[in-house]
Every structure is written in C-alpha cells, then in structure tokens.
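Visitor: Below is a structure I'd like to ask you about.
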Amino acid sequence: MKGLIGVLGGMGPAATVDLFNKFVTYATATCDQEHIPLIISSIPDIPDRTEALMHDGPSPLPVMRDYLHKLEDAGAECIVIPCNTAHYWFQELREVCHIDMLSIVDTTMNEVKVSGKIRIGLLSTNATLYMGLYQKGIESLGLSCICPGTAGQMKVMESIYSLKAGNLQYAQKLMLEQAGGLFSRGADIIILGCTEIPIILAEAIKKEPYKYIDSTASLVRAGIRWYENRMGETHLLIQQ
C-alpha cells in the first residue's frame with residue numbers, strides 16, 4: 001500500500017498504543033478509509049534500552065533491526081519508532097534501512113525551535129540523559145537545558161517503570177512532582193523525552209498544553225506530514 005507507515009514499537013506497548021491513538025485523533029479523516037495506513041510491530045521482547053546503555057545489558061539493536069526488516073518486507077515505506085532511548089541506535093538502524101525513517105529526536109527539536117522558548121526542561125530516561133540525545137540539540141540552539149537532579153531523576157525512572165507495571169496513579173504523582181520542580185527552577189516548557197511520559201502526564205498536558213512538548217505527538221505530526229507529501233495530499237493534519 002502506498003504511504004504505509006511502519007511502527008517499530010513494543011518499547012513499551014503503552015507508548016505504542018499512544019502513538020497509534022494520536023495517528024487516529026490527529027488526522028482529519030471522516031471515515032475509515034481516510035485514516036493514515038499503519039503496520040505496527042509491538043513485540044515486547046526487545047531488550048531494555050536503559051539497561052543496555054547504563055548497566056551492560058543485552059543490546060536491543062539486533063532485535064530492532066530484525067523487526068525493522070520485517071516491517072520493510074510487509075510493505076512499509078517509512079519507519080517511526082515510539083521510543084526516545086532507542087534513538088541512540090537510530091543511525092545504525094537507518095544505515096540498514098531501505099526506506100524513509102523519521103527521528104523522534106529531530107521532530108521534537110523542530111518543535112522546540114518553533115516554540116521560541118529559551119529555558120527548556122527535560123524529562124526522560126537515565127540513558128537518554130546520559131547519552132545527551134536532547135541536551136546536545138538544545139545547547140546547539142543556544143538554549144539552556146534544565147534537568148532533574150540526581151534524586152529527582154531517580155523518581156522520574158520510578159514513575160516510568162510504575163507505568164510499565166500498570167500503576168498509573170503512582171506514576172502520575174511522581175512525574176507531576178518532577179515537572180513542577182523543573183518549572184520552579186525556571187523552565188519555560190518541558191520536553192517529554194520518553195514516550196511513557198505523555199501517557200503519565202496526559203491530564204496535565206490537556207489542561208496546559210503550551211507547557212509541554214510531547215515527543216510522541218511531534219513524531220505523529222511529522223508522520224502525517226510525510227504521508228501528505230507521499231500521497232500529494234494537504235490538510236490531513238488537524239491544526240492543534
């Protein structure tokens with residue numbers, strides 16, 4: 001199918017569902033046939049990305065590469081990956097990919113530029129922070145990056161793994177405290193640089209969307225624009 005977008009997901013499954021839901025709700029479709037065509041791989045046996053980068057755990061790259069090729073074989077013409085930490089291996093995946101790929105880091109940083117904000121808060125996994133996936137881009141724009149302290153970052157990770165374990169209420173409590181801490185330290189806007197975090201903070205985003213840059217949402221918007229270009233269409237993306 002022309003314009004088929006492959007989703008290399010399962011990292012974690014809830015984040016993949018969130019991306020799928022946003023592809024549905026962000027499109028101007030008026031019937032089933034007008035929605036963006038997706039083929040989704042949500043096979044959750046991909047090794048933990050943070051464990052691989054921070055604690056010498058098994059690399060997720062071979063498994064991600066295998067599922068990427070399965071999406072290609074199934075007819076995908078573009079790949080999106082709803083996991084920020086997995087983008088540490090983005091270049092290696094792109095080198096073996098024969099179709100287009102969209103980077104969640106690039107699409108998110110594009111929205112940082114458009115925001116015009118100067119002091120950028122960042123909530124993400126330990127590994128995403130450690131690898132500087134966002135800090136480098138923020139600093140290259142001459143902007144300041146505000147991250148949680150050591151104790152706060154431990155709470156961010158506890159929140160993320162609480163969501164993965166099905167404890168949304170506790171995850172919300174922890175993450176709201178850390179977001180509040182970044183705002184109190186002067187953040188103008190916060191990048192939600194882990195695809196679990198927009199799920200945890202969904203209610204806060206709904207109330208004050210101008211305070212957050214949702215990395216999953218940025219990737220979906222870029223995916224819909226890619227589809228528009230591929231199909232020669234316009235106005236498929238709901239203006240938010």
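Quick note on naming: the chains in the structure tokens go A, B, ... in the order shown, residues restart at 1 in each chain, and ligands are numbered from 1 in order of appearance.
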Excluding same-chain residues fewer than 4 positions from Cys78 in chain A, what lies within 8 Å of it counting only C-alpha atoms, as an NGL selection string?

Guide: :A and (3-6 or 99-102)

Visitor: Using only C-alpha atoms, which protein or nucleic acid residues come within 12 Å of range 135-143 of chain A? Drop anything in the same chain fewer than 2 positions from it, and give the result as number ranges by chain.

Guide: A: 105-124, 128-133, 145-147, 187-191, 193

Visitor: Would you mind exporting the chosen residues as a compact mmCIF listing (two decimals), in the first residue's frame, restricted to N, CA and C atoms?

Guide:
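Just written: result.txt:
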```
# COMPACT_ATOMS: atom_id res chain seq x y z
N VAL A 105 13.75 12.42 17.93
CA VAL A 105 14.58 13.49 18.49
C VAL A 105 14.55 14.70 17.55
N ASP A 106 14.72 14.46 16.27
CA ASP A 106 14.70 15.57 15.30
C ASP A 106 13.34 16.25 15.26
N THR A 107 12.26 15.46 15.25
CA THR A 107 10.93 16.07 15.16
C THR A 107 10.61 16.86 16.42
N THR A 108 11.07 16.38 17.57
CA THR A 108 10.84 17.10 18.82
C THR A 108 11.65 18.38 18.86
N MET A 109 12.91 18.32 18.43
CA MET A 109 13.74 19.52 18.43
C MET A 109 13.20 20.57 17.45
N ASN A 110 12.60 20.13 16.36
CA ASN A 110 11.97 21.10 15.45
C ASN A 110 10.87 21.86 16.17
N GLU A 111 10.12 21.19 17.05
CA GLU A 111 9.06 21.87 17.77
C GLU A 111 9.62 22.76 18.89
N VAL A 112 10.78 22.41 19.43
CA VAL A 112 11.45 23.29 20.39
C VAL A 112 11.80 24.61 19.70
N LYS A 113 12.34 24.53 18.49
CA LYS A 113 12.68 25.75 17.74
C LYS A 113 11.46 26.62 17.53
N VAL A 114 10.38 25.99 17.10
CA VAL A 114 9.14 26.74 16.79
C VAL A 114 8.56 27.38 18.05
N SER A 115 8.77 26.74 19.21
CA SER A 115 8.18 27.27 20.45
C SER A 115 8.71 28.64 20.82
N GLY A 116 9.96 28.91 20.44
CA GLY A 116 10.57 30.19 20.79
C GLY A 116 10.98 30.30 22.24
N LYS A 117 10.89 29.22 22.99
CA LYS A 117 11.24 29.25 24.41
C LYS A 117 12.75 29.16 24.60
N ILE A 118 13.23 29.68 25.72
CA ILE A 118 14.67 29.77 25.97
C ILE A 118 15.14 28.73 26.98
N ARG A 119 14.37 28.54 28.05
CA ARG A 119 14.76 27.62 29.13
C ARG A 119 13.92 26.34 28.97
N ILE A 120 14.60 25.29 28.56
CA ILE A 120 13.93 24.05 28.18
C ILE A 120 14.13 22.98 29.25
N GLY A 121 13.04 22.56 29.88
CA GLY A 121 13.10 21.45 30.81
C GLY A 121 13.12 20.14 30.06
N LEU A 122 13.65 19.10 30.69
CA LEU A 122 13.76 17.80 30.03
C LEU A 122 13.45 16.69 31.02
N LEU A 123 12.43 15.91 30.71
CA LEU A 123 12.09 14.70 31.45
C LEU A 123 12.30 13.52 30.52
N SER A 124 13.16 12.60 30.91
CA SER A 124 13.47 11.46 30.04
C SER A 124 14.10 10.36 30.88
N THR A 128 18.70 8.31 28.08
CA THR A 128 18.53 9.44 27.15
C THR A 128 19.29 10.65 27.67
N LEU A 129 19.24 10.88 28.97
CA LEU A 129 20.01 11.97 29.56
C LEU A 129 21.51 11.72 29.43
N TYR A 130 21.94 10.52 29.79
CA TYR A 130 23.36 10.18 29.79
C TYR A 130 23.96 10.31 28.39
N MET A 131 23.21 9.92 27.37
CA MET A 131 23.71 9.99 26.00
C MET A 131 23.55 11.38 25.39
N GLY A 132 22.89 12.27 26.10
CA GLY A 132 22.76 13.65 25.61
C GLY A 132 21.92 13.78 24.36
N LEU A 133 20.94 12.89 24.17
CA LEU A 133 20.17 12.90 22.93
C LEU A 133 19.46 14.23 22.70
N CYS A 145 19.23 24.06 29.14
CA CYS A 145 18.53 22.81 29.42
C CYS A 145 18.49 22.59 30.93
N ILE A 146 17.29 22.36 31.45
CA ILE A 146 17.10 22.16 32.88
C ILE A 146 16.61 20.73 33.10
N CYS A 147 17.42 19.95 33.80
CA CYS A 147 17.10 18.54 34.06
C CYS A 147 16.91 18.31 35.55
N ALA A 187 12.07 26.59 34.09
CA ALA A 187 11.77 26.05 32.75
C ALA A 187 10.56 26.75 32.16
N ASP A 188 10.68 27.16 30.91
CA ASP A 188 9.55 27.77 30.19
C ASP A 188 8.63 26.72 29.60
N ILE A 189 9.22 25.59 29.24
CA ILE A 189 8.49 24.50 28.61
C ILE A 189 9.28 23.23 28.87
N ILE A 190 8.61 22.08 28.88
CA ILE A 190 9.30 20.83 29.19
C ILE A 190 9.15 19.85 28.03
N ILE A 191 10.29 19.34 27.57
CA ILE A 191 10.28 18.24 26.61
C ILE A 191 9.95 16.95 27.36
N GLY A 193 10.63 13.67 26.98
CA GLY A 193 11.57 12.93 26.15
C GLY A 193 11.61 11.45 26.42
```

Visitor: Could you give me, as a list in words, the residues within 9 Å of range 90-98 of chain A, counting only C-alpha atoms and dropping anything in the same chain fewer than 5 positions from it?

Guide: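 Returned residues: Leu61, Met64, Arg65, Leu68, His69, Glu72, Glu77, Ile79 and Ser103 of chain A.
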
Visitor: Run DSSP on the backbone and tell me which residues of range 27-165 of chain A come out as alpha helix (DSSP H); list them as a PyMOL selection string.

Guide: chain A and resi 49-54+61-73+90-96+104-115+126-130+135-140+150-164

Visitor: Step one, run DSSP on the backbone; step two, keep only residues of range 32-229 of chain A assigned to strand (DSSP E); then write them as a ChimeraX atom specification.

Guide: /A:38-41,78-80,100-102,119-123,144-146,189-192,212-214

Visitor: For each of A:Leu192, A:Lys2, A:Ala15, A:Leu168, take the minimum atom-to-atom distance to Pro209 in chain A, counting only C-alpha atoms, then give the residue where this is smallest.

Guide: A:Leu192

Visitor: Quick one: residues within 12 Å of range 51-55 of chain A, only C-alpha atoms counted, chain neighbours fewer than 4 positions away excluded, as a PDB file with all heavy atoms, in the first residue's frame?

Guide:
```pdb
ATOM      1  N   ILE A  46      12.091  -6.911  22.897  1.00  0.00           N
ATOM      2  CA  ILE A  46      13.279  -6.088  22.650  1.00  0.00           C
ATOM      3  C   ILE A  46      13.925  -5.759  23.993  1.00  0.00           C
ATOM      4  O   ILE A  46      13.261  -5.246  24.902  1.00  0.00           O
ATOM      5  CB  ILE A  46      12.897  -4.791  21.906  1.00  0.00           C
ATOM      6  CG1 ILE A  46      12.266  -5.131  20.544  1.00  0.00           C
ATOM      7  CG2 ILE A  46      14.123  -3.895  21.725  1.00  0.00           C
ATOM      8  CD1 ILE A  46      11.678  -3.929  19.817  1.00  0.00           C
ATOM      9  N   PRO A  47      15.212  -6.036  24.179  1.00  0.00           N
ATOM     10  CA  PRO A  47      15.859  -5.772  25.468  1.00  0.00           C
ATOM     11  C   PRO A  47      15.721  -4.312  25.909  1.00  0.00           C
ATOM     12  O   PRO A  47      15.665  -3.399  25.078  1.00  0.00           O
ATOM     13  CB  PRO A  47      17.324  -6.137  25.205  1.00  0.00           C
ATOM     14  CG  PRO A  47      17.255  -7.171  24.125  1.00  0.00           C
ATOM     15  CD  PRO A  47      16.117  -6.733  23.247  1.00  0.00           C
ATOM     16  N   SER A  59      22.152  -5.750  24.086  1.00  0.00           N
ATOM     17  CA  SER A  59      21.809  -4.699  23.146  1.00  0.00           C
ATOM     18  C   SER A  59      20.468  -4.987  22.467  1.00  0.00           C
ATOM     19  O   SER A  59      20.223  -6.104  22.018  1.00  0.00           O
ATOM     20  CB  SER A  59      22.897  -4.568  22.072  1.00  0.00           C
ATOM     21  OG  SER A  59      22.474  -3.659  21.056  1.00  0.00           O
ATOM     22  N   PRO A  60      19.618  -3.976  22.342  1.00  0.00           N
ATOM     23  CA  PRO A  60      18.362  -4.156  21.617  1.00  0.00           C
ATOM     24  C   PRO A  60      18.534  -4.071  20.103  1.00  0.00           C
ATOM     25  O   PRO A  60      17.612  -4.390  19.362  1.00  0.00           O
ATOM     26  CB  PRO A  60      17.497  -2.999  22.122  1.00  0.00           C
ATOM     27  CG  PRO A  60      18.483  -1.914  22.408  1.00  0.00           C
ATOM     28  CD  PRO A  60      19.709  -2.619  22.927  1.00  0.00           C
ATOM     29  N   LEU A  61      19.715  -3.651  19.646  1.00  0.00           N
ATOM     30  CA  LEU A  61      19.902  -3.370  18.222  1.00  0.00           C
ATOM     31  C   LEU A  61      19.596  -4.564  17.324  1.00  0.00           C
ATOM     32  O   LEU A  61      18.869  -4.404  16.332  1.00  0.00           O
ATOM     33  CB  LEU A  61      21.314  -2.842  17.962  1.00  0.00           C
ATOM     34  CG  LEU A  61      21.646  -2.518  16.499  1.00  0.00           C
ATOM     35  CD1 LEU A  61      20.703  -1.450  15.951  1.00  0.00           C
ATOM     36  CD2 LEU A  61      23.100  -2.071  16.374  1.00  0.00           C
ATOM     37  N   THR A  85      14.760   6.542  23.888  1.00  0.00           N
ATOM     38  CA  THR A  85      16.055   5.948  24.195  1.00  0.00           C
ATOM     39  C   THR A  85      16.557   5.067  23.058  1.00  0.00           C
ATOM     40  O   THR A  85      17.760   5.009  22.786  1.00  0.00           O
ATOM     41  CB  THR A  85      15.991   5.152  25.506  1.00  0.00           C
ATOM     42  OG1 THR A  85      15.424   5.972  26.530  1.00  0.00           O
ATOM     43  CG2 THR A  85      17.374   4.708  25.939  1.00  0.00           C
ATOM     44  N   ALA A  86      15.633   4.401  22.366  1.00  0.00           N
ATOM     45  CA  ALA A  86      16.015   3.555  21.231  1.00  0.00           C
ATOM     46  C   ALA A  86      16.708   4.351  20.135  1.00  0.00           C
ATOM     47  O   ALA A  86      17.422   3.780  19.303  1.00  0.00           O
ATOM     48  CB  ALA A  86      14.790   2.847  20.665  1.00  0.00           C
ATOM     49  N   HIS A  87      16.519   5.676  20.142  1.00  0.00           N
ATOM     50  CA  HIS A  87      17.135   6.500  19.090  1.00  0.00           C
ATOM     51  C   HIS A  87      18.644   6.653  19.259  1.00  0.00           C
ATOM     52  O   HIS A  87      19.306   7.215  18.383  1.00  0.00           O
ATOM     53  CB  HIS A  87      16.446   7.861  19.008  1.00  0.00           C
ATOM     54  CG  HIS A  87      15.149   7.792  18.239  1.00  0.00           C
ATOM     55  ND1 HIS A  87      14.064   7.093  18.689  1.00  0.00           N
ATOM     56  CD2 HIS A  87      14.812   8.311  17.028  1.00  0.00           C
ATOM     57  CE1 HIS A  87      13.087   7.197  17.799  1.00  0.00           C
ATOM     58  NE2 HIS A  87      13.513   7.916  16.783  1.00  0.00           N
ATOM     59  N   TYR A  88      19.191   6.122  20.345  1.00  0.00           N
ATOM     60  CA  TYR A  88      20.643   6.031  20.435  1.00  0.00           C
ATOM     61  C   TYR A  88      21.182   5.193  19.268  1.00  0.00           C
ATOM     62  O   TYR A  88      22.285   5.439  18.771  1.00  0.00           O
ATOM     63  CB  TYR A  88      21.041   5.399  21.776  1.00  0.00           C
ATOM     64  CG  TYR A  88      22.517   5.115  21.879  1.00  0.00           C
ATOM     65  CD1 TYR A  88      23.420   6.144  22.148  1.00  0.00           C
ATOM     66  CD2 TYR A  88      23.016   3.822  21.692  1.00  0.00           C
ATOM     67  CE1 TYR A  88      24.789   5.882  22.234  1.00  0.00           C
ATOM     68  CE2 TYR A  88      24.370   3.558  21.787  1.00  0.00           C
ATOM     69  CZ  TYR A  88      25.251   4.593  22.047  1.00  0.00           C
ATOM     70  OH  TYR A  88      26.598   4.345  22.132  1.00  0.00           O
ATOM     71  N   TRP A  89      20.384   4.223  18.816  1.00  0.00           N
ATOM     72  CA  TRP A  89      20.783   3.339  17.723  1.00  0.00           C
ATOM     73  C   TRP A  89      20.153   3.760  16.391  1.00  0.00           C
ATOM     74  O   TRP A  89      20.199   3.004  15.430  1.00  0.00           O
ATOM     75  CB  TRP A  89      20.353   1.903  18.040  1.00  0.00           C
ATOM     76  CG  TRP A  89      21.074   1.321  19.215  1.00  0.00           C
ATOM     77  CD1 TRP A  89      22.292   0.696  19.224  1.00  0.00           C
ATOM     78  CD2 TRP A  89      20.618   1.291  20.578  1.00  0.00           C
ATOM     79  NE1 TRP A  89      22.623   0.285  20.486  1.00  0.00           N
ATOM     80  CE2 TRP A  89      21.617   0.638  21.342  1.00  0.00           C
ATOM     81  CE3 TRP A  89      19.465   1.760  21.228  1.00  0.00           C
ATOM     82  CZ2 TRP A  89      21.484   0.453  22.717  1.00  0.00           C
ATOM     83  CZ3 TRP A  89      19.352   1.575  22.600  1.00  0.00           C
ATOM     84  CH2 TRP A  89      20.349   0.930  23.322  1.00  0.00           C
ATOM     85  N   THR A 125      14.481   9.273  30.225  1.00  0.00           N
ATOM     86  CA  THR A 125      15.140   8.184  30.937  1.00  0.00           C
ATOM     87  C   THR A 125      16.579   8.539  31.281  1.00  0.00           C
ATOM     88  O   THR A 125      17.175   9.467  30.710  1.00  0.00           O
ATOM     89  CB  THR A 125      15.155   6.904  30.094  1.00  0.00           C
ATOM     90  OG1 THR A 125      15.979   7.117  28.933  1.00  0.00           O
ATOM     91  CG2 THR A 125      13.757   6.492  29.672  1.00  0.00           C
ATOM     92  N   ASN A 126      17.135   7.782  32.202  1.00  0.00           N
ATOM     93  CA  ASN A 126      18.548   7.967  32.552  1.00  0.00           C
ATOM     94  C   ASN A 126      19.434   7.877  31.320  1.00  0.00           C
ATOM     95  O   ASN A 126      20.367   8.668  31.142  1.00  0.00           O
ATOM     96  CB  ASN A 126      18.995   6.893  33.553  1.00  0.00           C
ATOM     97  CG  ASN A 126      18.390   7.075  34.931  1.00  0.00           C
ATOM     98  OD1 ASN A 126      17.833   8.131  35.239  1.00  0.00           O
ATOM     99  ND2 ASN A 126      18.495   6.052  35.767  1.00  0.00           N
ATOM    100  N   ALA A 127      19.165   6.898  30.463  1.00  0.00           N
ATOM    101  CA  ALA A 127      20.025   6.678  29.302  1.00  0.00           C
ATOM    102  C   ALA A 127      19.918   7.813  28.300  1.00  0.00           C
ATOM    103  O   ALA A 127      20.922   8.239  27.721  1.00  0.00           O
ATOM    104  CB  ALA A 127      19.676   5.348  28.636  1.00  0.00           C
ATOM    105  N   THR A 128      18.700   8.311  28.081  1.00  0.00           N
ATOM    106  CA  THR A 128      18.532   9.439  27.152  1.00  0.00           C
ATOM    107  C   THR A 128      19.294  10.650  27.669  1.00  0.00           C
ATOM    108  O   THR A 128      19.940  11.371  26.894  1.00  0.00           O
ATOM    109  CB  THR A 128      17.036   9.765  26.968  1.00  0.00           C
ATOM    110  OG1 THR A 128      16.411   8.645  26.333  1.00  0.00           O
ATOM    111  CG2 THR A 128      16.835  10.992  26.111  1.00  0.00           C
ATOM    112  N   LEU A 129      19.240  10.879  28.972  1.00  0.00           N
ATOM    113  CA  LEU A 129      20.014  11.971  29.563  1.00  0.00           C
ATOM    114  C   LEU A 129      21.514  11.715  29.430  1.00  0.00           C
ATOM    115  O   LEU A 129      22.275  12.594  29.009  1.00  0.00           O
ATOM    116  CB  LEU A 129      19.665  12.132  31.045  1.00  0.00           C
ATOM    117  CG  LEU A 129      18.367  12.834  31.416  1.00  0.00           C
ATOM    118  CD1 LEU A 129      18.204  12.844  32.931  1.00  0.00           C
ATOM    119  CD2 LEU A 129      18.330  14.253  30.875  1.00  0.00           C
ATOM    120  N   TYR A 130      21.939  10.517  29.792  1.00  0.00           N
ATOM    121  CA  TYR A 130      23.358  10.178  29.787  1.00  0.00           C
ATOM    122  C   TYR A 130      23.965  10.314  28.394  1.00  0.00           C
ATOM    123  O   TYR A 130      25.101  10.781  28.229  1.00  0.00           O
ATOM    124  CB  TYR A 130      23.539   8.753  30.309  1.00  0.00           C
ATOM    125  CG  TYR A 130      24.976   8.295  30.380  1.00  0.00           C
ATOM    126  CD1 TYR A 130      25.838   8.795  31.354  1.00  0.00           C
ATOM    127  CD2 TYR A 130      25.465   7.356  29.473  1.00  0.00           C
ATOM    128  CE1 TYR A 130      27.152   8.368  31.410  1.00  0.00           C
ATOM    129  CE2 TYR A 130      26.780   6.925  29.526  1.00  0.00           C
ATOM    130  CZ  TYR A 130      27.620   7.433  30.504  1.00  0.00           C
ATOM    131  OH  TYR A 130      28.926   7.022  30.556  1.00  0.00           O
ATOM    132  N   MET A 131      23.205   9.915  27.373  1.00  0.00           N
ATOM    133  CA  MET A 131      23.706   9.987  26.003  1.00  0.00           C
ATOM    134  C   MET A 131      23.553  11.381  25.390  1.00  0.00           C
ATOM    135  O   MET A 131      24.025  11.626  24.276  1.00  0.00           O
ATOM    136  CB  MET A 131      22.980   8.960  25.127  1.00  0.00           C
ATOM    137  CG  MET A 131      23.180   7.527  25.584  1.00  0.00           C
ATOM    138  SD  MET A 131      24.937   7.064  25.634  1.00  0.00           S
ATOM    139  CE  MET A 131      24.869   5.597  26.670  1.00  0.00           C
ATOM    140  N   MET A 157      12.535   7.871  36.784  1.00  0.00           N
ATOM    141  CA  MET A 157      12.633   6.473  36.362  1.00  0.00           C
ATOM    142  C   MET A 157      11.637   5.588  37.117  1.00  0.00           C
ATOM    143  O   MET A 157      11.024   4.680  36.534  1.00  0.00           O
ATOM    144  CB  MET A 157      14.057   5.945  36.581  1.00  0.00           C
ATOM    145  CG  MET A 157      15.091   6.563  35.650  1.00  0.00           C
ATOM    146  SD  MET A 157      14.710   6.319  33.892  1.00  0.00           S
ATOM    147  CE  MET A 157      14.794   4.541  33.752  1.00  0.00           C
TER     148      MET A 157
END
```

Visitor: Residues within 12 Å of range 196-200 of chain A, please, as a ChimeraX atom specification. Count only C-alpha atoms; anything in the same chain fewer than 5 positions from it doesn't count.

Guide: /A:10-19,21-22,82-85,122-125,156-179,190-191,205-206,209,212-218

Visitor: Mind giving me the straight-line distance from CA of Val220 in chain A to CA of Tyr26 in chain A in Å, one decimal?

Guide: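 Separating CA of Val220 in chain A from CA of Tyr26 in chain A is a distance of 7.9 Å.
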